[in-house]
$ cat query_12.txt   # compact mmCIF, C-alpha atoms (C1' of nucleotides)
# COMPACT_ATOMS: atom_id res chain seq x y z
CA MET A 1 0.00 0.00 0.00
CA ARG A 2 2.88 2.37 0.74
CA ALA A 3 4.38 1.66 -2.69
CA ILE A 4 1.06 2.33 -4.40
CA ALA A 5 0.61 5.53 -2.41
CA ALA A 6 4.11 6.71 -3.37
CA GLU A 7 3.38 5.94 -7.02
CA VAL A 8 0.18 7.96 -6.88
CA GLY A 9 1.78 10.74 -4.87
CA VAL A 10 -0.08 10.54 -1.57
CA GLN A 11 0.52 9.08 1.87
CA ALA A 12 -0.51 5.51 2.60
CA GLY A 13 -3.43 6.44 4.80
CA ALA A 14 -5.05 8.50 2.04
CA LEU A 15 -5.60 5.36 -0.05
CA TYR A 16 -8.26 4.25 2.40
CA ASN A 17 -10.52 6.97 1.06
CA TYR A 18 -10.72 4.92 -2.12
CA THR A 19 -10.63 1.31 -0.96
CA PRO A 20 -11.77 -0.27 2.31
CA ASP A 21 -8.71 -2.53 2.43
CA LYS A 22 -5.95 -4.14 0.40
CA GLN A 23 -7.95 -7.26 -0.39
CA SER A 24 -10.73 -5.23 -2.02
CA LEU A 25 -8.21 -3.24 -4.04
CA LEU A 26 -6.57 -6.41 -5.30
CA PHE A 27 -9.87 -8.03 -6.12
CA ASP A 28 -11.16 -4.93 -7.93
CA LEU A 29 -7.99 -4.82 -10.04
CA MET A 30 -8.35 -8.44 -11.08
CA GLN A 31 -12.07 -8.19 -11.64
CA SER A 32 -11.69 -5.08 -13.80
CA HIS A 33 -8.96 -6.75 -15.81
CA LEU A 34 -11.04 -9.83 -16.55
CA THR A 35 -14.23 -7.87 -17.15
CA GLU A 36 -12.46 -5.72 -19.72
CA LEU A 37 -10.96 -8.85 -21.25
CA LEU A 38 -14.40 -10.41 -21.64
CA ALA A 39 -15.86 -7.20 -23.06
CA ALA A 40 -13.05 -6.95 -25.62
CA VAL A 41 -13.28 -10.50 -26.97
CA PRO A 42 -13.91 -10.14 -30.71
CA ASP A 43 -17.35 -11.21 -31.85
CA THR A 44 -16.68 -13.59 -34.73
CA ARG A 45 -19.75 -15.77 -34.56
CA ASP A 46 -20.49 -15.45 -38.26
CA ALA A 47 -16.98 -16.31 -39.47
CA GLU A 48 -15.44 -19.70 -40.18
CA PRO A 49 -13.77 -21.57 -37.30
CA ARG A 50 -10.27 -21.00 -38.65
CA THR A 51 -10.83 -17.27 -38.95
CA ARG A 52 -12.43 -17.13 -35.53
CA LEU A 53 -9.49 -18.96 -33.98
CA ARG A 54 -6.97 -16.72 -35.70
CA LYS A 55 -8.78 -13.60 -34.54
CA LEU A 56 -8.80 -14.86 -30.96
CA VAL A 57 -5.10 -15.74 -31.03
CA GLU A 58 -4.26 -12.28 -32.33
CA PHE A 59 -6.57 -10.64 -29.82
CA HIS A 60 -5.21 -12.59 -26.86
CA ILE A 61 -1.58 -11.75 -27.55
CA ARG A 62 -2.33 -8.08 -28.28
CA PHE A 63 -4.59 -7.59 -25.27
CA HIS A 64 -2.23 -9.24 -22.83
CA ASP A 65 0.83 -7.44 -24.16
CA ALA A 66 -0.92 -4.10 -23.73
CA ARG A 67 -1.67 -4.86 -20.07
CA ARG A 68 1.45 -6.56 -18.81
CA GLU A 69 1.17 -5.27 -15.23
CA ALA A 70 -2.46 -6.29 -14.83
CA VAL A 71 -1.74 -9.74 -16.25
CA PHE A 72 1.24 -10.13 -13.95
CA ILE A 73 -0.80 -9.20 -10.89
CA ALA A 74 -3.70 -11.39 -11.98
CA TYR A 75 -1.39 -14.41 -11.94
CA MET A 76 1.06 -13.69 -9.13
CA GLU A 77 -1.43 -12.44 -6.57
CA LEU A 78 -4.07 -15.12 -7.08
CA ARG A 79 -2.99 -16.86 -3.88
CA ASN A 80 -3.60 -13.70 -1.86
CA LEU A 81 -7.32 -13.62 -2.63
CA THR A 82 -9.86 -14.81 -0.10
CA ASP A 83 -11.67 -18.01 -1.01
CA VAL A 84 -14.80 -16.13 -2.03
CA ASN A 85 -12.93 -13.62 -4.20
CA PHE A 86 -10.82 -16.39 -5.72
CA ALA A 87 -13.96 -18.22 -6.80
CA ARG A 88 -15.32 -15.07 -8.43
CA ILE A 89 -12.10 -14.49 -10.37
CA GLU A 90 -11.94 -18.11 -11.46
CA GLU A 91 -15.49 -17.85 -12.76
CA LEU A 92 -14.54 -14.88 -14.97
CA ARG A 93 -11.45 -16.70 -16.18
CA ARG A 94 -13.56 -19.73 -17.02
CA ARG A 95 -15.92 -17.59 -19.04
CA TYR A 96 -13.01 -16.33 -21.11
CA GLU A 97 -11.78 -19.85 -21.67
CA ASP A 98 -15.26 -20.79 -22.82
CA HIS A 99 -14.98 -18.39 -25.76
CA LEU A 100 -11.99 -20.31 -27.09
CA GLU A 101 -13.44 -23.68 -26.29
CA GLN A 102 -16.63 -22.87 -28.17
CA ILE A 103 -14.60 -22.01 -31.27
CA LEU A 104 -12.74 -25.29 -30.99
CA ARG A 105 -15.99 -27.21 -30.53
CA ASP A 106 -17.56 -25.59 -33.56
CA GLY A 107 -14.42 -26.28 -35.59
CA VAL A 108 -14.44 -29.93 -34.58
CA ALA A 109 -18.12 -30.20 -35.45
CA SER A 110 -17.56 -28.64 -38.86
CA GLY A 111 -14.57 -30.84 -39.56
CA ASP A 112 -12.11 -27.95 -39.67
CA PHE A 113 -10.33 -28.97 -36.49
CA ARG A 114 -9.29 -32.30 -35.04
CA VAL A 115 -8.93 -32.15 -31.26
CA GLN A 116 -9.40 -34.99 -28.80
CA ASP A 117 -10.54 -32.84 -25.88
CA THR A 118 -11.50 -29.22 -26.48
CA LYS A 119 -11.08 -28.26 -22.82
CA ILE A 120 -7.49 -29.45 -22.70
CA ALA A 121 -6.69 -27.82 -26.02
CA THR A 122 -8.20 -24.60 -24.68
CA LEU A 123 -6.02 -24.58 -21.58
CA ALA A 124 -2.95 -25.54 -23.59
CA ILE A 125 -3.43 -22.78 -26.14
CA ILE A 126 -4.14 -20.10 -23.54
CA ALA A 127 -1.07 -21.03 -21.52
CA MET A 128 1.02 -20.92 -24.66
CA LEU A 129 -0.28 -17.51 -25.73
CA THR A 130 -0.09 -15.90 -22.30
CA GLY A 131 3.49 -17.09 -21.99
CA VAL A 132 4.53 -14.49 -24.56
CA ASN A 133 4.35 -11.90 -21.78
CA THR A 134 7.11 -13.58 -19.80
CA TRP A 135 9.78 -13.01 -22.43
CA PHE A 136 8.63 -10.56 -25.13
CA ARG A 137 10.06 -7.06 -24.99
CA ALA A 138 9.37 -4.44 -27.64
CA GLY A 139 12.42 -3.59 -29.71
CA GLY A 140 13.75 -7.14 -29.77
CA ARG A 141 14.63 -9.36 -32.70
CA LEU A 142 11.01 -9.83 -33.78
CA SER A 143 7.96 -7.59 -33.73
CA LEU A 144 4.83 -8.63 -31.90
CA ASP A 145 3.07 -9.09 -35.24
CA GLU A 146 5.75 -11.50 -36.42
CA ILE A 147 5.58 -13.39 -33.15
CA THR A 148 1.80 -13.54 -33.34
CA GLY A 149 2.08 -15.01 -36.82
CA GLN A 150 4.33 -17.77 -35.58
CA TYR A 151 2.09 -18.58 -32.64
CA TRP A 152 -0.82 -18.72 -35.06
CA ASP A 153 1.10 -21.23 -37.18
CA LEU A 154 1.65 -23.41 -34.11
CA VAL A 155 -1.99 -23.19 -33.05
CA ARG A 156 -3.38 -23.63 -36.55
CA ASN A 157 -1.32 -26.72 -37.26
CA GLY A 158 -1.85 -28.03 -33.73
CA VAL A 159 -5.62 -28.27 -34.12
CA ALA A 160 -5.82 -28.74 -37.91
CA ALA A 161 -7.92 -31.63 -39.15
CA ASP A 162 -5.50 -32.42 -41.99
CA GLY A 163 -2.38 -32.68 -39.80
CA MET B 1 11.14 -18.54 7.52
CA ARG B 2 8.85 -19.05 10.51
CA ALA B 3 6.47 -21.11 8.34
CA ILE B 4 9.33 -23.28 7.08
CA ALA B 5 10.58 -23.79 10.61
CA ALA B 6 7.13 -24.82 11.79
CA GLU B 7 6.84 -27.28 8.88
CA VAL B 8 10.22 -28.81 9.76
CA GLY B 9 9.45 -28.81 13.45
CA VAL B 10 12.02 -26.36 14.82
CA GLN B 11 12.11 -22.73 15.87
CA ALA B 12 12.85 -20.05 13.29
CA GLY B 13 16.31 -19.29 14.62
CA ALA B 14 17.43 -22.89 14.18
CA LEU B 15 17.11 -22.60 10.40
CA TYR B 16 20.13 -20.32 10.34
CA ASN B 17 22.32 -23.31 11.16
CA TYR B 18 21.52 -24.52 7.64
CA THR B 19 21.32 -21.36 5.57
CA PRO B 20 23.00 -17.98 6.01
CA ASP B 21 19.83 -16.12 5.01
CA LYS B 22 16.52 -16.40 3.22
CA GLN B 23 17.91 -15.32 -0.15
CA SER B 24 20.44 -18.17 -0.15
CA LEU B 25 17.76 -20.67 0.80
CA LEU B 26 15.53 -19.51 -2.02
CA PHE B 27 18.36 -19.54 -4.52
CA ASP B 28 19.53 -23.00 -3.45
CA LEU B 29 16.00 -24.35 -3.87
CA MET B 30 15.70 -22.98 -7.39
CA GLN B 31 19.21 -24.00 -8.36
CA SER B 32 18.68 -27.55 -7.10
CA HIS B 33 15.41 -27.79 -8.97
CA LEU B 34 16.90 -26.69 -12.27
CA THR B 35 20.08 -28.72 -11.83
CA GLU B 36 18.01 -31.84 -11.24
CA LEU B 37 15.86 -30.96 -14.24
CA LEU B 38 18.92 -30.67 -16.46
CA ALA B 39 20.36 -33.92 -15.12
CA ALA B 40 17.11 -35.76 -15.77
CA VAL B 41 16.61 -34.66 -19.39
CA PRO B 42 16.40 -37.85 -21.43
CA ASP B 43 19.36 -38.46 -23.71
CA THR B 44 17.79 -39.18 -27.10
CA ARG B 45 20.58 -38.03 -29.39
CA ASP B 46 20.48 -41.20 -31.49
CA ALA B 47 16.71 -41.21 -32.07
CA GLU B 48 14.69 -39.50 -34.78
CA PRO B 49 13.51 -35.90 -34.15
CA ARG B 50 9.88 -36.91 -33.71
CA THR B 51 10.78 -39.52 -31.12
CA ARG B 52 13.11 -37.10 -29.35
CA LEU B 53 10.42 -34.45 -29.21
CA ARG B 54 7.84 -36.89 -27.91
CA LYS B 55 10.20 -38.10 -25.20
CA LEU B 56 10.90 -34.54 -24.10
CA VAL B 57 7.20 -33.64 -23.99
CA GLU B 58 6.48 -36.70 -21.86
CA PHE B 59 9.47 -36.03 -19.63
CA HIS B 60 8.60 -32.37 -19.11
CA ILE B 61 5.03 -33.01 -18.05
CA ARG B 62 5.99 -35.92 -15.78
CA PHE B 63 8.91 -34.15 -14.14
CA HIS B 64 7.02 -30.95 -13.47
CA ASP B 65 3.94 -32.75 -12.16
CA ALA B 66 6.12 -34.66 -9.70
CA ARG B 67 7.59 -31.41 -8.32
CA ARG B 68 4.67 -29.05 -8.22
CA GLU B 69 5.91 -27.08 -5.18
CA ALA B 70 9.40 -26.55 -6.58
CA VAL B 71 7.99 -25.45 -9.93
CA PHE B 72 5.59 -23.08 -8.22
CA ILE B 73 8.37 -21.50 -6.18
CA ALA B 74 10.68 -21.32 -9.17
CA TYR B 75 8.12 -19.16 -10.98
CA MET B 76 6.48 -17.13 -8.23
CA GLU B 77 9.61 -16.21 -6.31
CA LEU B 78 11.76 -15.25 -9.29
CA ARG B 79 11.27 -11.57 -8.54
CA ASN B 80 12.67 -12.01 -5.03
CA LEU B 81 16.11 -13.11 -6.26
CA THR B 82 19.01 -10.67 -6.30
CA ASP B 83 20.19 -9.63 -9.75
CA VAL B 84 23.20 -11.95 -9.58
CA ASN B 85 21.16 -14.95 -8.46
CA PHE B 86 18.47 -14.19 -11.02
CA ALA B 87 21.06 -14.27 -13.80
CA ARG B 88 22.33 -17.65 -12.59
CA ILE B 89 18.84 -19.14 -12.54
CA GLU B 90 18.03 -17.73 -15.97
CA GLU B 91 21.20 -19.32 -17.32
CA LEU B 92 20.08 -22.75 -16.07
CA ARG B 93 16.63 -22.21 -17.50
CA ARG B 94 18.13 -21.23 -20.83
CA ARG B 95 20.20 -24.41 -20.87
CA TYR B 96 17.06 -26.46 -20.44
CA GLU B 97 15.33 -24.59 -23.23
CA ASP B 98 18.34 -25.30 -25.44
CA HIS B 99 17.66 -29.03 -25.21
CA LEU B 100 14.26 -28.54 -26.79
CA GLU B 101 15.46 -26.00 -29.31
CA GLN B 102 18.22 -28.33 -30.51
CA ILE B 103 15.67 -31.04 -31.17
CA LEU B 104 13.55 -28.59 -33.14
CA ARG B 105 16.59 -27.39 -35.10
CA ASP B 106 17.59 -30.93 -35.96
CA GLY B 107 14.03 -31.73 -36.98
CA VAL B 108 13.84 -28.71 -39.22
CA ALA B 109 17.20 -29.61 -40.78
CA SER B 110 16.05 -33.18 -41.43
CA GLY B 111 12.75 -32.02 -42.89
CA ASP B 112 10.67 -33.62 -40.14
CA PHE B 113 9.55 -30.30 -38.68
CA ARG B 114 8.51 -27.00 -40.18
CA VAL B 115 9.05 -24.12 -37.77
CA GLN B 116 9.73 -20.50 -38.64
CA ASP B 117 11.74 -19.68 -35.53
CA THR B 118 12.92 -22.50 -33.27
CA LYS B 119 13.46 -20.19 -30.30
CA ILE B 120 9.88 -18.97 -30.33
CA ALA B 121 8.54 -22.46 -30.82
CA THR B 122 10.66 -23.59 -27.87
CA LEU B 123 9.25 -20.93 -25.56
CA ALA B 124 5.72 -21.56 -26.78
CA ILE B 125 5.91 -25.31 -26.23
CA ILE B 126 7.50 -25.03 -22.78
CA ALA B 127 4.88 -22.52 -21.63
CA MET B 128 2.15 -24.82 -22.92
CA LEU B 129 3.54 -27.88 -21.17
CA THR B 130 4.33 -26.19 -17.88
CA GLY B 131 0.81 -24.82 -17.82
CA VAL B 132 -0.50 -28.29 -17.03
CA ASN B 133 0.60 -27.74 -13.44
CA THR B 134 -1.82 -24.87 -12.98
CA TRP B 135 -4.91 -26.97 -13.46
CA PHE B 136 -4.16 -30.70 -13.40
CA ARG B 137 -5.12 -32.59 -10.26
CA ALA B 138 -4.76 -36.35 -9.91
CA GLY B 139 -8.10 -38.13 -9.74
CA GLY B 140 -9.76 -35.86 -12.28
CA ARG B 141 -11.54 -36.67 -15.50
CA LEU B 142 -8.35 -37.65 -17.33
CA SER B 143 -5.12 -39.34 -16.26
CA LEU B 144 -1.80 -37.60 -16.71
CA ASP B 145 -0.91 -40.12 -19.42
CA GLU B 146 -4.05 -39.26 -21.37
CA ILE B 147 -3.36 -35.56 -20.98
CA THR B 148 0.24 -36.04 -22.06
CA GLY B 149 -0.97 -37.82 -25.17
CA GLN B 150 -3.17 -34.89 -26.11
CA TYR B 151 -0.43 -32.36 -25.52
CA TRP B 152 1.82 -34.48 -27.70
CA ASP B 153 -0.79 -34.36 -30.46
CA LEU B 154 -0.88 -30.57 -30.25
CA VAL B 155 2.91 -30.27 -30.28
CA ARG B 156 3.41 -32.89 -32.98
CA ASN B 157 0.92 -31.29 -35.33
CA GLY B 158 2.09 -27.80 -34.41
CA VAL B 159 5.62 -28.39 -35.68
CA ALA B 160 4.90 -31.06 -38.30
CA ALA B 161 6.33 -30.49 -41.78
CA ASP B 162 3.23 -31.91 -43.47
CA GLY B 163 0.73 -29.71 -41.65
C1' DG C 1 -9.56 14.47 1.05
C1' DT C 2 -4.91 14.46 2.81
C1' DC C 3 -1.95 14.75 6.40
C1' DT C 4 0.81 12.98 10.72
C1' DA C 5 1.12 9.72 14.13
C1' DT C 6 0.53 5.40 15.80
C1' DA C 7 -1.53 0.86 16.92
C1' DA C 8 -1.00 -4.01 16.18
C1' DT C 9 1.24 -7.38 13.87
C1' DC C 10 4.50 -9.75 11.08
C1' DC C 11 9.04 -10.39 9.18
C1' DG C 12 14.21 -11.73 8.81
C1' DA C 13 17.97 -12.15 11.51
C1' DT C 14 20.92 -12.21 15.81
C1' DA C 15 22.52 -13.09 20.77
C1' DG C 16 23.36 -15.99 24.23
C1' DA C 17 22.01 -19.88 27.35
C1' DC C 18 22.01 -24.81 27.33
C1' DG D 1 22.25 -27.79 17.16
C1' DT D 2 18.13 -25.99 19.28
C1' DC D 3 16.11 -23.10 22.32
C1' DT D 4 14.16 -18.42 24.14
C1' DA D 5 14.19 -13.73 23.69
C1' DT D 6 14.61 -9.82 21.19
C1' DC D 7 16.20 -6.24 17.83
C1' DG D 8 15.16 -3.37 13.95
C1' DG D 9 12.28 -2.66 10.43
C1' DA D 10 8.34 -3.55 7.54
C1' DT D 11 3.46 -4.20 6.97
C1' DT D 12 -1.83 -2.98 6.97
C1' DA D 13 -4.97 -0.23 8.95
C1' DT D 14 -6.90 3.36 12.06
C1' DA D 15 -7.43 7.93 14.69
C1' DG D 16 -7.76 12.55 14.71
C1' DA D 17 -6.12 17.21 13.22
C1' DC D 18 -6.60 20.31 9.37

$ encode --input "query_12.txt" --output "structure tokens"
Amino acid sequence: MRAIAAEVGVQAGALYNYTPDKQSLLFDLMQSHLTELLAAVPDTRDAEPRTRLRKLVEFHIRFHDARREAVFIAYMELRNLTDVNFARIEELRRRYEDHLEQILRDGVASGDFRVQDTKIATLAIIAMLTGVNTWFRAGGRLSLDEITGQYWDLVRNGVAADG
Amino acid sequence: MRAIAAEVGVQAGALYNYTPDKQSLLFDLMQSHLTELLAAVPDTRDAEPRTRLRKLVEFHIRFHDARREAVFIAYMELRNLTDVNFARIEELRRRYEDHLEQILRDGVASGDFRVQDTKIATLAIIAMLTGVNTWFRAGGRLSLDEITGQYWDLVRNGVAADG
DNA sequence: GTCTATAATCCGATAGAC
DNA sequence: GTCTATCGGATTATAGAC
């Protein structure tokens, strides 16, 4: 709380005019992050499964790169949530995962994708995509667009029906 | 330190007969974990790239599942290492990544794999595999062998030359 | 709404008896 | 090698002046 106060430019006690306690502040940060994530998911219902999957891959990498700090907190501070707040956050996270899983399900049904278990593929793909944040730094050897293209190749081939 | 002492069954002060300070204890834990990881990497130099990759995927998931606590600490406590210790740990981690990247390079050279950038594919695959730890619990819907098989399908197709 | 001051608690680490 | 006791400092949160 002192570090946050210093960043904002006030004393620690003044923060308690804006949040009842540290737990609420942490929960609100995570909830806002995931709510904004859900609101920003591209609506691709009318497109083909491959296009929908590509759009989601591109969106996920872009969105998470643009909010590195929030993503970092959302992962590292999970264990500091109360049981009730943890359950709420997990529910939002599950709803995001459902967007991807639905695309995979539709792609399997249409014959575009071949995946044994869409839930496992969902978790695998999300972990892979989110991992970009742990090493990517702007100005490196490759641009984020180039990296996104390569991740898309891995995902596309990974779930392709003609693999 | 007090929590560790309680777990071991001694008072907090007694721990300092075994470690000079908390930083050294944390570093030793991470270093041991990664050293054991490197020592346990299967030697598959004489096998075909596809077999080598499959063996590494199976090894990675098995090894990390068997050491959930160490893996958790190795990720969550990274930011609490001094700069010098952080560099040492990153060097060990890089050496592990090199095992996978060499397999991918050899597979690309032999025509078995098609990957634009082996370094990116390495990081993507490792993030995907390590992610299993965040959700897998023994006794669930699928066994770890079944899950490993599905991750292998995703990896195999992802880097396949005939995708 | 912000400040200073402080309460209550927790932390890593040390000192010294045994 | 472990204990008790404690130091010095950090933490979250509150109280009360302005």

$ calpha_fit_and_write --input "query_12.txt" --fixed "chain B" --moving "chain A" --output "compact mmCIF listing (two decimals) with C-alpha atoms, keeping the file's coordinate frame"
# COMPACT_ATOMS: atom_id res chain seq x y z
CA MET A 1 11.12 -18.60 7.56
CA ARG A 2 8.76 -19.16 10.49
CA ALA A 3 6.45 -21.23 8.28
CA ILE A 4 9.34 -23.35 7.04
CA ALA A 5 10.59 -23.82 10.60
CA ALA A 6 7.12 -24.90 11.75
CA GLU A 7 6.90 -27.35 8.86
CA VAL A 8 10.25 -28.85 9.78
CA GLY A 9 9.47 -28.82 13.49
CA VAL A 10 12.00 -26.34 14.84
CA GLN A 11 12.05 -22.69 15.84
CA ALA A 12 12.82 -20.04 13.25
CA GLY A 13 16.25 -19.23 14.60
CA ALA A 14 17.41 -22.83 14.22
CA LEU A 15 17.12 -22.58 10.43
CA TYR A 16 20.13 -20.29 10.39
CA ASN A 17 22.31 -23.27 11.21
CA TYR A 18 21.55 -24.51 7.71
CA THR A 19 21.32 -21.37 5.60
CA PRO A 20 23.00 -17.97 6.02
CA ASP A 21 19.81 -16.14 5.02
CA LYS A 22 16.50 -16.41 3.21
CA GLN A 23 17.91 -15.33 -0.14
CA SER A 24 20.45 -18.17 -0.14
CA LEU A 25 17.77 -20.68 0.81
CA LEU A 26 15.55 -19.52 -2.03
CA PHE A 27 18.37 -19.54 -4.52
CA ASP A 28 19.55 -23.01 -3.45
CA LEU A 29 16.01 -24.36 -3.88
CA MET A 30 15.72 -22.98 -7.39
CA GLN A 31 19.22 -23.99 -8.37
CA SER A 32 18.70 -27.55 -7.12
CA HIS A 33 15.42 -27.77 -8.97
CA LEU A 34 16.92 -26.69 -12.28
CA THR A 35 20.08 -28.72 -11.83
CA GLU A 36 18.02 -31.85 -11.25
CA LEU A 37 15.87 -30.94 -14.24
CA LEU A 38 18.94 -30.67 -16.47
CA ALA A 39 20.38 -33.92 -15.13
CA ALA A 40 17.11 -35.75 -15.79
CA VAL A 41 16.63 -34.64 -19.39
CA PRO A 42 16.42 -37.85 -21.44
CA ASP A 43 19.37 -38.47 -23.72
CA THR A 44 17.80 -39.17 -27.11
CA ARG A 45 20.56 -38.04 -29.41
CA ASP A 46 20.47 -41.20 -31.48
CA ALA A 47 16.70 -41.22 -32.06
CA GLU A 48 14.67 -39.50 -34.77
CA PRO A 49 13.51 -35.92 -34.16
CA ARG A 50 9.88 -36.92 -33.71
CA THR A 51 10.77 -39.52 -31.11
CA ARG A 52 13.11 -37.12 -29.37
CA LEU A 53 10.42 -34.46 -29.22
CA ARG A 54 7.84 -36.89 -27.90
CA LYS A 55 10.20 -38.12 -25.21
CA LEU A 56 10.90 -34.55 -24.10
CA VAL A 57 7.21 -33.65 -23.99
CA GLU A 58 6.48 -36.70 -21.86
CA PHE A 59 9.47 -36.02 -19.64
CA HIS A 60 8.61 -32.35 -19.12
CA ILE A 61 5.04 -33.00 -18.05
CA ARG A 62 6.01 -35.91 -15.78
CA PHE A 63 8.93 -34.13 -14.16
CA HIS A 64 7.03 -30.94 -13.48
CA ASP A 65 3.96 -32.74 -12.16
CA ALA A 66 6.12 -34.66 -9.70
CA ARG A 67 7.60 -31.43 -8.33
CA ARG A 68 4.68 -29.05 -8.21
CA GLU A 69 5.92 -27.08 -5.18
CA ALA A 70 9.41 -26.56 -6.56
CA VAL A 71 8.00 -25.45 -9.92
CA PHE A 72 5.60 -23.08 -8.20
CA ILE A 73 8.38 -21.50 -6.15
CA ALA A 74 10.69 -21.33 -9.16
CA TYR A 75 8.13 -19.18 -10.96
CA MET A 76 6.48 -17.15 -8.20
CA GLU A 77 9.62 -16.21 -6.30
CA LEU A 78 11.75 -15.26 -9.29
CA ARG A 79 11.25 -11.57 -8.53
CA ASN A 80 12.65 -12.01 -5.02
CA LEU A 81 16.08 -13.08 -6.26
CA THR A 82 18.98 -10.67 -6.29
CA ASP A 83 20.17 -9.61 -9.72
CA VAL A 84 23.17 -11.92 -9.57
CA ASN A 85 21.15 -14.94 -8.45
CA PHE A 86 18.45 -14.18 -11.02
CA ALA A 87 21.04 -14.25 -13.79
CA ARG A 88 22.33 -17.61 -12.59
CA ILE A 89 18.84 -19.12 -12.54
CA GLU A 90 18.03 -17.72 -15.96
CA GLU A 91 21.20 -19.29 -17.33
CA LEU A 92 20.10 -22.74 -16.09
CA ARG A 93 16.64 -22.21 -17.51
CA ARG A 94 18.15 -21.23 -20.84
CA ARG A 95 20.21 -24.39 -20.89
CA TYR A 96 17.06 -26.45 -20.46
CA GLU A 97 15.35 -24.58 -23.25
CA ASP A 98 18.35 -25.29 -25.44
CA HIS A 99 17.67 -29.03 -25.22
CA LEU A 100 14.26 -28.54 -26.82
CA GLU A 101 15.47 -26.00 -29.31
CA GLN A 102 18.22 -28.33 -30.50
CA ILE A 103 15.64 -31.04 -31.18
CA LEU A 104 13.54 -28.59 -33.15
CA ARG A 105 16.58 -27.42 -35.11
CA ASP A 106 17.58 -30.95 -35.98
CA GLY A 107 14.01 -31.75 -36.98
CA VAL A 108 13.85 -28.72 -39.24
CA ALA A 109 17.18 -29.65 -40.80
CA SER A 110 16.03 -33.20 -41.45
CA GLY A 111 12.74 -32.05 -42.89
CA ASP A 112 10.65 -33.64 -40.14
CA PHE A 113 9.55 -30.33 -38.68
CA ARG A 114 8.50 -27.03 -40.19
CA VAL A 115 9.03 -24.14 -37.78
CA GLN A 116 9.74 -20.52 -38.67
CA ASP A 117 11.75 -19.70 -35.54
CA THR A 118 12.94 -22.51 -33.29
CA LYS A 119 13.48 -20.21 -30.31
CA ILE A 120 9.90 -18.97 -30.35
CA ALA A 121 8.55 -22.47 -30.84
CA THR A 122 10.67 -23.59 -27.89
CA LEU A 123 9.27 -20.94 -25.57
CA ALA A 124 5.74 -21.56 -26.79
CA ILE A 125 5.93 -25.31 -26.24
CA ILE A 126 7.51 -25.01 -22.79
CA ALA A 127 4.89 -22.52 -21.64
CA MET A 128 2.17 -24.80 -22.91
CA LEU A 129 3.56 -27.88 -21.18
CA THR A 130 4.34 -26.18 -17.88
CA GLY A 131 0.81 -24.80 -17.81
CA VAL A 132 -0.49 -28.29 -17.05
CA ASN A 133 0.61 -27.74 -13.44
CA THR A 134 -1.80 -24.85 -12.97
CA TRP A 135 -4.92 -26.94 -13.45
CA PHE A 136 -4.15 -30.69 -13.38
CA ARG A 137 -5.11 -32.58 -10.25
CA ALA A 138 -4.76 -36.33 -9.91
CA GLY A 139 -8.09 -38.13 -9.76
CA GLY A 140 -9.78 -35.83 -12.26
CA ARG A 141 -11.55 -36.64 -15.50
CA LEU A 142 -8.35 -37.61 -17.32
CA SER A 143 -5.14 -39.30 -16.24
CA LEU A 144 -1.81 -37.58 -16.70
CA ASP A 145 -0.92 -40.10 -19.41
CA GLU A 146 -4.05 -39.23 -21.36
CA ILE A 147 -3.35 -35.54 -20.96
CA THR A 148 0.25 -36.02 -22.05
CA GLY A 149 -0.98 -37.79 -25.17
CA GLN A 150 -3.18 -34.87 -26.08
CA TYR A 151 -0.43 -32.33 -25.51
CA TRP A 152 1.81 -34.46 -27.69
CA ASP A 153 -0.81 -34.35 -30.45
CA LEU A 154 -0.88 -30.55 -30.23
CA VAL A 155 2.91 -30.27 -30.27
CA ARG A 156 3.40 -32.88 -32.97
CA ASN A 157 0.91 -31.30 -35.32
CA GLY A 158 2.08 -27.80 -34.40
CA VAL A 159 5.61 -28.38 -35.68
CA ALA A 160 4.89 -31.07 -38.30
CA ALA A 161 6.31 -30.49 -41.75
CA ASP A 162 3.23 -31.94 -43.48
CA GLY A 163 0.69 -29.72 -41.69

$ closest_atom_pairs --input "query_12.txt" --of "chain A" --to "chain B" --cutoff "8 Å" --atoms "only C-alpha atoms" --output "tab-separated table"
residue	atom	partner	partner_atom	distance
A:Met76	CA	B:Met76	CA	6.5
A:Gln116	CA	B:Gln150	CA	6.8
A:Asp117	CA	B:Gln150	CA	7.7
A:Ile120	CA	B:Ile147	CA	7.6
A:Ala121	CA	B:Leu154	CA	7.7
A:Leu123	CA	B:Gly131	CA	7.8
A:Ala124	CA	B:Met128	CA	5.2
A:Ile125	CA	B:Met128	CA	6.8
A:Ile126	CA	B:Met128	CA	7.9
A:Ala127	CA	B:Met128	CA	5.2
A:Met128	CA	B:Met128	CA	4.4
A:Leu129	CA	B:Ala124	CA	7.3
A:Gly131	CA	B:Ala127	CA	5.6
A:Val132	CA	B:Ala124	CA	7.5
A:Ile147	CA	B:Ile120	CA	7.6
A:Gln150	CA	B:Gln116	CA	6.8
A:Tyr151	CA	B:Ala124	CA	7.5
A:Asp153	CA	B:Gly158	CA	7.2
A:Leu154	CA	B:Gly158	CA	4.4
A:Val155	CA	B:Gly158	CA	6.3
A:Arg156	CA	B:Gly158	CA	7.2
A:Asn157	CA	B:Gly158	CA	4.6
A:Gly158	CA	B:Gly158	CA	4.0
A:Val159	CA	B:Leu154	CA	6.5
A:Ala160	CA	B:Gly163	CA	7.6
A:Asp162	CA	B:Gly163	CA	6.8
A:Gly163	CA	B:Gly163	CA	4.7

$ residues_around --input "query_12.txt" --residues "A:Glu97" --least-positions-apart "3" --cutoff "8 Å" --atoms "all atoms listed in the file" --output "JSON, numbers by chain"
{"A": [93, 94, 100, 101, 122, 123, 126]}

$ residues_around --input "query_12.txt" --residues "stretch 11-18 of chain C" --least-positions-apart "5" --cutoff "8 Å" --atoms "all atoms listed in the file" --output "ChimeraX atom specification"
/B:1,13,21-22 /D:3,7,10
